[in-house]
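Worksheet: the structure to be examined is printed underneath.
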Number of protein chains: 2
Amino acid sequence: MIGFWNPESIAPRVLAPGVTAKIVPGEKLMFSLVTLEPNAVVPTHAHPHEQMGMMVSGTMEFTIAGETRVLSGNEMYLVPGGVPHAAKAGPGGALALDAFSPPREEYR
Amino acid sequence: MIGFWNPESIAPRVLAPGVTAKIVPGEKLMFSLVTLEPNAVVPTHAHPHEQMGMMVSGTMEFTIAGETRVLSGNEMYLVPGGVPHAAKAGPGGALALDAFSPPREEYR
(Lines give C-alpha, C1' and ligand atoms only; values in the text may rest on other atoms or scores of the structure.)
Protein backbone atom coordinates (compact mmCIF):
# COMPACT_ATOMS: atom_id res chain seq x y z
CA MET A 1 0.00 0.00 0.00
CA ILE A 2 3.09 2.20 -0.18
CA GLY A 3 2.40 5.22 -2.29
CA PHE A 4 1.56 8.77 -3.14
CA TRP A 5 -1.84 10.30 -3.86
CA ASN A 6 -2.95 13.58 -5.38
CA PRO A 7 -6.42 14.38 -4.01
CA GLU A 8 -7.31 15.96 -7.36
CA SER A 9 -7.18 12.41 -8.77
CA ILE A 10 -9.43 10.84 -6.12
CA ALA A 11 -13.17 10.62 -6.83
CA PRO A 12 -15.11 12.34 -4.04
CA ARG A 13 -17.53 10.32 -1.95
CA VAL A 14 -20.69 12.04 -0.70
CA LEU A 15 -20.97 11.86 3.11
CA ALA A 16 -23.92 14.23 3.59
CA PRO A 17 -25.57 17.04 1.60
CA GLY A 18 -22.75 19.47 0.73
CA VAL A 19 -20.12 17.22 2.34
CA THR A 20 -17.71 15.14 0.25
CA ALA A 21 -14.60 13.17 1.15
CA LYS A 22 -11.54 11.89 -0.68
CA ILE A 23 -10.41 8.66 0.96
CA VAL A 24 -6.96 7.08 1.15
CA PRO A 25 -6.94 3.73 2.96
CA GLY A 26 -3.98 2.17 4.73
CA GLU A 27 -3.71 -0.92 6.90
CA LYS A 28 -3.99 0.71 10.33
CA LEU A 29 -4.86 4.25 9.21
CA MET A 30 -7.30 5.88 6.82
CA PHE A 31 -7.25 9.49 5.61
CA SER A 32 -10.42 11.34 4.63
CA LEU A 33 -9.98 14.83 3.17
CA VAL A 34 -13.38 16.38 3.73
CA THR A 35 -14.80 19.37 1.83
CA LEU A 36 -17.81 21.08 3.41
CA GLU A 37 -19.80 23.60 1.43
CA PRO A 38 -20.78 26.80 3.28
CA ASN A 39 -22.99 25.95 6.29
CA ALA A 40 -23.06 22.23 5.40
CA VAL A 41 -23.81 19.89 8.29
CA VAL A 42 -22.50 16.47 9.32
CA PRO A 43 -25.24 15.25 11.68
CA THR A 44 -24.38 13.80 15.07
CA HIS A 45 -23.07 10.27 14.73
CA ALA A 46 -20.63 7.85 16.35
CA HIS A 47 -18.41 4.97 15.23
CA PRO A 48 -16.08 2.63 17.09
CA HIS A 49 -13.03 3.98 15.19
CA GLU A 50 -10.81 6.58 16.84
CA GLN A 51 -10.79 9.81 14.82
CA MET A 52 -8.31 12.66 14.79
CA GLY A 53 -8.76 15.64 12.49
CA MET A 54 -7.15 18.92 11.51
CA MET A 55 -8.57 22.00 9.84
CA VAL A 56 -6.87 22.73 6.51
CA SER A 57 -8.81 25.86 5.55
CA GLY A 58 -12.03 27.70 6.38
CA THR A 59 -13.95 27.45 9.63
CA MET A 60 -16.11 24.72 11.15
CA GLU A 61 -18.14 24.27 14.31
CA PHE A 62 -17.18 20.89 15.71
CA THR A 63 -19.07 19.24 18.54
CA ILE A 64 -17.73 16.31 20.56
CA ALA A 65 -19.94 14.82 23.29
CA GLY A 66 -21.94 18.06 23.48
CA GLU A 67 -18.95 20.46 23.60
CA THR A 68 -18.79 22.79 20.59
CA ARG A 69 -15.78 24.77 19.36
CA VAL A 70 -15.37 26.96 16.30
CA LEU A 71 -12.22 25.69 14.58
CA SER A 72 -9.96 27.47 12.09
CA GLY A 73 -6.30 27.62 11.07
CA ASN A 74 -4.78 24.20 11.67
CA GLU A 75 -6.70 23.42 14.85
CA MET A 76 -7.04 19.72 15.69
CA TYR A 77 -9.57 17.48 17.41
CA LEU A 78 -9.70 13.96 18.81
CA VAL A 79 -12.85 11.84 18.94
CA PRO A 80 -12.39 8.59 20.88
CA GLY A 81 -14.20 5.54 19.52
CA GLY A 82 -17.92 5.51 20.28
CA VAL A 83 -18.21 9.21 21.20
CA PRO A 84 -20.95 11.23 19.42
CA HIS A 85 -19.74 14.12 17.28
CA ALA A 86 -21.02 16.52 14.61
CA ALA A 87 -19.77 19.32 12.37
CA LYS A 88 -21.15 22.43 10.70
CA ALA A 89 -19.14 24.45 8.20
CA GLY A 90 -18.85 28.21 8.55
CA PRO A 91 -20.20 30.65 5.95
CA GLY A 92 -17.04 30.24 3.82
CA GLY A 93 -17.04 26.43 3.93
CA ALA A 94 -14.27 24.26 5.29
CA LEU A 95 -11.61 21.73 4.35
CA ALA A 96 -10.52 19.28 7.04
CA LEU A 97 -8.39 16.16 7.13
CA ASP A 98 -9.73 13.28 9.21
CA ALA A 99 -7.69 10.24 10.15
CA PHE A 100 -9.28 7.03 11.42
CA SER A 101 -7.84 3.99 13.16
CA PRO A 102 -8.74 1.35 12.40
CA PRO A 103 -9.76 2.24 8.81
CA ARG A 104 -13.52 2.53 8.25
CA GLU A 105 -14.33 -0.49 6.13
CA GLU A 106 -17.51 1.16 4.83
CA TYR A 107 -15.33 3.86 3.19
CA ARG A 108 -13.14 1.47 1.21
CA MET B 1 -8.31 12.05 25.51
CA ILE B 2 -11.28 13.76 23.88
CA GLY B 3 -10.40 17.29 22.98
CA PHE B 4 -9.33 20.20 20.86
CA TRP B 5 -5.83 21.55 20.24
CA ASN B 6 -4.51 24.77 18.76
CA PRO B 7 -1.03 24.05 17.36
CA GLU B 8 0.02 27.57 18.35
CA SER B 9 -0.27 26.37 21.96
CA ILE B 10 1.83 23.20 21.50
CA ALA B 11 5.56 23.40 22.22
CA PRO B 12 7.52 22.29 19.14
CA ARG B 13 9.77 19.26 19.37
CA VAL B 14 13.00 19.26 17.33
CA LEU B 15 13.18 16.22 15.01
CA ALA B 16 16.24 17.23 12.98
CA PRO B 17 18.07 20.48 12.16
CA GLY B 18 15.42 22.86 10.81
CA VAL B 19 12.62 20.32 11.41
CA THR B 20 10.17 20.70 14.30
CA ALA B 21 6.93 18.90 15.13
CA LYS B 22 3.86 19.63 17.21
CA ILE B 23 2.51 16.35 18.58
CA VAL B 24 -1.03 15.39 19.56
CA PRO B 25 -1.28 11.83 20.94
CA GLY B 26 -4.35 9.63 20.89
CA GLU B 27 -4.85 5.99 21.84
CA LYS B 28 -4.56 4.44 18.37
CA LEU B 29 -3.48 7.53 16.43
CA MET B 30 -0.89 10.28 16.81
CA PHE B 31 -0.72 13.53 14.85
CA SER B 32 2.56 15.30 14.16
CA LEU B 33 2.35 18.69 12.43
CA VAL B 34 5.83 19.09 10.98
CA THR B 35 7.45 22.40 9.98
CA LEU B 36 10.51 22.13 7.73
CA GLU B 37 12.68 25.17 7.15
CA PRO B 38 13.78 25.76 3.54
CA ASN B 39 15.87 22.82 2.29
CA ALA B 40 15.77 21.09 5.70
CA VAL B 41 16.30 17.33 5.62
CA VAL B 42 14.80 14.41 7.51
CA PRO B 43 17.41 11.68 6.97
CA THR B 44 16.37 8.21 5.86
CA HIS B 45 14.89 6.25 8.72
CA ALA B 46 12.29 3.57 9.45
CA HIS B 47 9.96 2.69 12.29
CA PRO B 48 7.44 -0.11 12.82
CA HIS B 49 4.51 2.37 12.96
CA GLU B 50 2.40 2.92 9.84
CA GLN B 51 2.60 6.55 8.71
CA MET B 52 0.29 8.56 6.50
CA GLY B 53 0.96 12.21 5.73
CA MET B 54 -0.45 15.17 3.86
CA MET B 55 1.17 18.35 2.63
CA VAL B 56 -0.39 21.45 4.18
CA SER B 57 1.74 24.10 2.47
CA GLY B 58 5.04 24.48 0.64
CA THR B 59 6.85 21.75 -1.25
CA MET B 60 8.82 18.72 -0.11
CA GLU B 61 10.75 15.91 -1.77
CA PHE B 62 9.55 12.71 -0.14
CA THR B 63 11.29 9.38 -0.65
CA ILE B 64 9.74 6.01 0.21
CA ALA B 65 11.79 2.86 -0.38
CA GLY B 66 13.96 4.71 -2.90
CA GLU B 67 11.11 6.32 -4.88
CA THR B 68 11.15 10.13 -4.71
CA ARG B 69 8.29 12.53 -5.48
CA VAL B 70 8.07 16.29 -5.17
CA LEU B 71 4.90 16.94 -3.16
CA SER B 72 2.82 20.11 -2.96
CA GLY B 73 -0.82 21.18 -2.52
CA ASN B 74 -2.54 18.59 -0.33
CA GLU B 75 -0.74 15.55 -1.76
CA MET B 76 -0.61 12.53 0.52
CA TYR B 77 1.73 9.63 1.17
CA LEU B 78 1.64 6.28 2.93
CA VAL B 79 4.66 4.62 4.54
CA PRO B 80 3.98 1.08 5.74
CA GLY B 81 5.67 0.04 8.99
CA GLY B 82 9.36 -0.77 8.59
CA VAL B 83 9.82 0.92 5.21
CA PRO B 84 12.72 3.42 4.90
CA HIS B 85 11.72 6.99 4.06
CA ALA B 86 13.19 10.50 4.00
CA ALA B 87 12.16 14.09 3.28
CA LYS B 88 13.75 17.30 2.05
CA ALA B 89 11.91 20.61 2.09
CA GLY B 90 11.81 22.77 -0.99
CA PRO B 91 13.36 26.28 -1.13
CA GLY B 92 10.24 27.79 0.48
CA GLY B 93 10.03 25.25 3.30
CA ALA B 94 7.10 22.95 4.01
CA LEU B 95 4.33 22.19 6.47
CA ALA B 96 3.05 18.60 6.55
CA LEU B 97 0.74 16.64 8.83
CA ASP B 98 1.87 13.13 9.69
CA ALA B 99 -0.35 10.55 11.34
CA PHE B 100 1.03 7.42 12.99
CA SER B 101 -0.61 4.21 14.14
CA PRO B 102 0.16 3.03 16.68
CA PRO B 103 1.32 6.28 18.34
CA ARG B 104 5.10 6.69 18.58
CA GLU B 105 5.81 6.30 22.27
CA GLU B 106 9.10 8.18 21.93
CA TYR B 107 7.14 11.30 20.91
CA ARG B 108 4.87 11.39 23.96
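Convention: chains lettered A, B, ... in C-alpha coordinates order; per-chain residue numbering from 1; ligands numbered from 1 as shown.
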inquiry  = Only residues of chain B matter here; which ones have an atom within 9 Å of chain A, counting only C-alpha atoms? Give them as a ChimeraX atom specification.
reply    = /B:1-8,24-31,50-54,56,64-65,69,71,73-80,83,97,99-102
message = Between CA of Gly90 (chain B) and CA of Leu15 (chain B), what is the distance in Å, rounded to a tenth?
response = 17.3 Å
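By only C-alpha atoms, and with residues fewer than 4 positions from Ala21 (chain A) along its chain excluded, the set lying at most 10 Å from it is Pro7, Ile10, Ala11, Pro12, Arg13, Val14, Leu15, Ala16, Phe31, Ser32, Leu33, Val34, Thr35, Leu36, Leu95, Ala96, Leu97, Asp98 and Tyr107 of chain A.
Here CA of Glu37 (chain A) stands at a distance of 24.9 Å from CA of Gly58 (chain B).
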inquiry  = Give me, as a ChimeraX atom specification, all polymer residues having an atom no more than 8 Å from Ala46 (chain A), counting only C-alpha atoms and skipping those fewer than 2 positions away in the same chain.
reply    = /A:44,48,81-85
inquiry  = Using DSSP assignments from the backbone, pull out every residue in region 15-97 of chain B that falls under strand (DSSP E or B) and give it to me as a PyMOL selection string.
reply    = chain B and resi 15-16+19-25+30-36+41-45+50-64+67-71+76-79+85-97
